[in-house]
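**Q** The structure follows.
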Amino acid sequence: MSEAVLRADGLRVELDSSEAIVEDVSLELHAGEVLGLVGESGCGKTTTAVALLGFARRGARIAAGTVEVDGKAVTGRDERIVRALRGRLISYVAQDPGVALNPSLRVEDLIGDMVAAHGREAGAESPVVGALGSVHLPTDRGFARRFPHQLSGGQQQRVAIATALVCEPRVVVLDEPTTGLDVVTQARILAEIDRLRRERGVAVVYVSHDLAVVASIADRIAVMYAGRVVEEAPTAALLARPRHPYTRGLLSSVPNLSQPRLVQSIPGVAVGVGERPEGCAFAPRCLQRTEERSLVEMPPLEDVGGGHRVRCFEWRRTPSLAAEELAAPPPVERDVPLLVAEGLRAEYGSRLDPVVVVEDVSFTVAEGECVAIVGESGSGKTTIARCVAGLHAPAAGSVLLEGVPLAPRAARRPREARRRIQIVFQN
């Protein structure tokens, strides 16, 4: 194994009130390696991620610990010195590129500003062209002159990654870069990250709450809970045999497509900053807690062999992940289906020049049944849902509730029909 390009030791980030957000976090990352940082919302993932760049958000500060990138300290130094390292030695890709990218700057200026800030020498090829090409985006002048709002979500994310990589940093921190993207675009982004780390040796810290995504790209996974790392291991070992009950709970909460099982949630709720109890923060939710010392004593991060570390007094008692049979509910016998969509056709635009987004869509839904409609962004899923709810009048076709045809628009449907067909919006 090569020398570590990123070392964080004993990192503690706290509020101005001295309450810890992140505590005792130590991580190590080598060139070309991907470390997945996972956990529930509020566990400290993003705070840890930005602390790796020597940064803390307003109202917080890095109170203890050190971070080194390629042998250079990024904590405990003057902010002007650290700013010179960000983007050149270590870069950050924010969770929402639509918010992170400056809306008043064109793509070429977004990337060009990063180059200018770090004084990278221009070679034979334009750094903007090279950066766009590295993430498989168009390199023509027309694309480089676009503003962020003129790009798709996947293109915005690739521009953010290209900007982070243009100065060839040793480490890139990605904060949930595929959140909100459809699975095909998500797969392309993950493939780009994997290619860049293999071809350019970039070390990656991948922050996410999605274990399925992290499992597909990470070499190692660190699981965080209440501001601390509670388990860290090579990906295959952690997924096959989690040792911490919290990690096992996270894995039990993820649907398994190849081996369907009952999805089980973790009892209770994650504790917030200022609510963390003495001892093990997970103890109040832990079903296998037996020793009362876990309520008053913090378990150490114990090495259990094979590069596997776990913070639990009872890790030997953590049961394996047994697949539980997923029983289908008994069908409800009815003379007619509860809901029927027949030959739906939906259009947008004017009547003279309509754009067809849905055509010849038919399906039935029985009482007590769940019918899933899936597909890429723009495939027409939401439009179908709006047609069923009466929020978009179809150009053709019909919707029947218990065999009774419904008016195209909800306003013309009976009150009882509107009550029985409800919609939960995406955002």
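Identifiers in this document derive from the order of the structure tokens: chains are assigned A, B, ..., residues are numbered from 1 separately in each chain, and ligands are numbered from 1 in order of occurrence.
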Could you list, as a ChimeraX atom specification, every residue within 7 Å of region 7-23 of chain A, counting only C-alpha atoms and ignoring same-chain residues fewer than 6 positions away?

**A** /A:29,44,48,59-69,227-228,273-274

**Q** Please identify every residue of region 142-236 of chain A that has at least one atom no farther than 12 Å from an atom of region 266-272 of chain A, counting only C-alpha atoms, and for each give the shortest atom pair and the distance in Å to one decimal, arranged by chain then increasing number, as a Markdown table.

**A**
| residue | atom | partner | partner_atom | distance |
| --- | --- | --- | --- | --- |
| A:Met224 | CA | A:Ala270 | CA | 11.2 |
| A:Tyr225 | CA | A:Ala270 | CA | 8.0 |
| A:Ala226 | CA | A:Val271 | CA | 6.5 |
| A:Gly227 | CA | A:Gly272 | CA | 9.2 |

**Q** What lies within 7 Å of Asp175 (chain A) using only C-alpha atoms, ignoring chain neighbours under 6 positions off, as a tab-separated table (two decimals) with N, CA and C atoms, in the first residue's frame?

**A**
chain	number	residue	atom	x	y	z
A	46	THR	N	-21.46	15.29	6.63
A	46	THR	CA	-21.06	16.48	5.89
A	46	THR	C	-20.11	17.35	6.71
A	93	VAL	N	-16.94	18.44	-3.78
A	93	VAL	CA	-18.10	18.47	-4.68
A	93	VAL	C	-19.34	18.47	-3.80
A	94	ALA	N	-20.11	19.55	-3.85
A	94	ALA	CA	-21.26	19.70	-2.97
A	94	ALA	C	-22.41	18.79	-3.39
A	95	GLN	N	-23.34	18.60	-2.44
A	95	GLN	CA	-24.46	17.70	-2.64
A	95	GLN	C	-25.38	18.17	-3.76
A	206	TYR	N	-16.35	9.45	-0.32
A	206	TYR	CA	-17.70	9.47	-0.88
A	206	TYR	C	-18.70	9.47	0.27
A	207	VAL	N	-19.37	10.60	0.46
A	207	VAL	CA	-20.33	10.76	1.56
A	207	VAL	C	-21.72	10.44	1.05
A	208	SER	N	-22.43	9.57	1.75
A	208	SER	CA	-23.78	9.20	1.31
A	208	SER	C	-24.54	8.52	2.43

**Q** Can you tell me how far CA of Val115 (chain A) sits from CA of Cys167 (chain A), in Å to one decimal?

**A**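 Rounded to one decimal, the two atoms are 6.4 Å apart.
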
**Q** List the spatial neighbours of Val296 (chain A) as a PyMOL selection string - criterion: any atom at most 8 Å away, only C-alpha atoms, same-chain residues fewer than 5 positions off excluded.

**A** chain A and resi 278-280

**Q** Print the selection's residues with C-alpha atoms to a file, as a short mmCIF file (atom, residue, chain, number, x, y, z; two decimals), in the first residue's frame.

**A**
data_model
loop_
_atom_site.label_atom_id
_atom_site.label_comp_id
_atom_site.auth_asym_id
_atom_site.auth_seq_id
_atom_site.Cartn_x
_atom_site.Cartn_y
_atom_site.Cartn_z
CA GLU A 278 -23.22 9.56 28.25
CA GLY A 279 -21.58 6.38 27.09
CA CYS A 280 -22.62 4.75 23.82
#

**Q** Run DSSP on the backbone of this structure and report the residues of region 262-330 of chain A it assigns to helix (DSSP H, G or I), as JSON, numbers by chain.

**A** {"A": [283, 284, 285, 292, 293, 294, 295, 315, 316, 317]}

**Q** Which is closest to Leu190 (chain A) among A:Leu338, A:Val34, A:Ile221, A:Val404, if we use only C-alpha atoms?

**A**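 Ranking A:Leu338, A:Val34, A:Ile221, A:Val404 by distance to Leu190 (chain A), first place goes to A:Val34.
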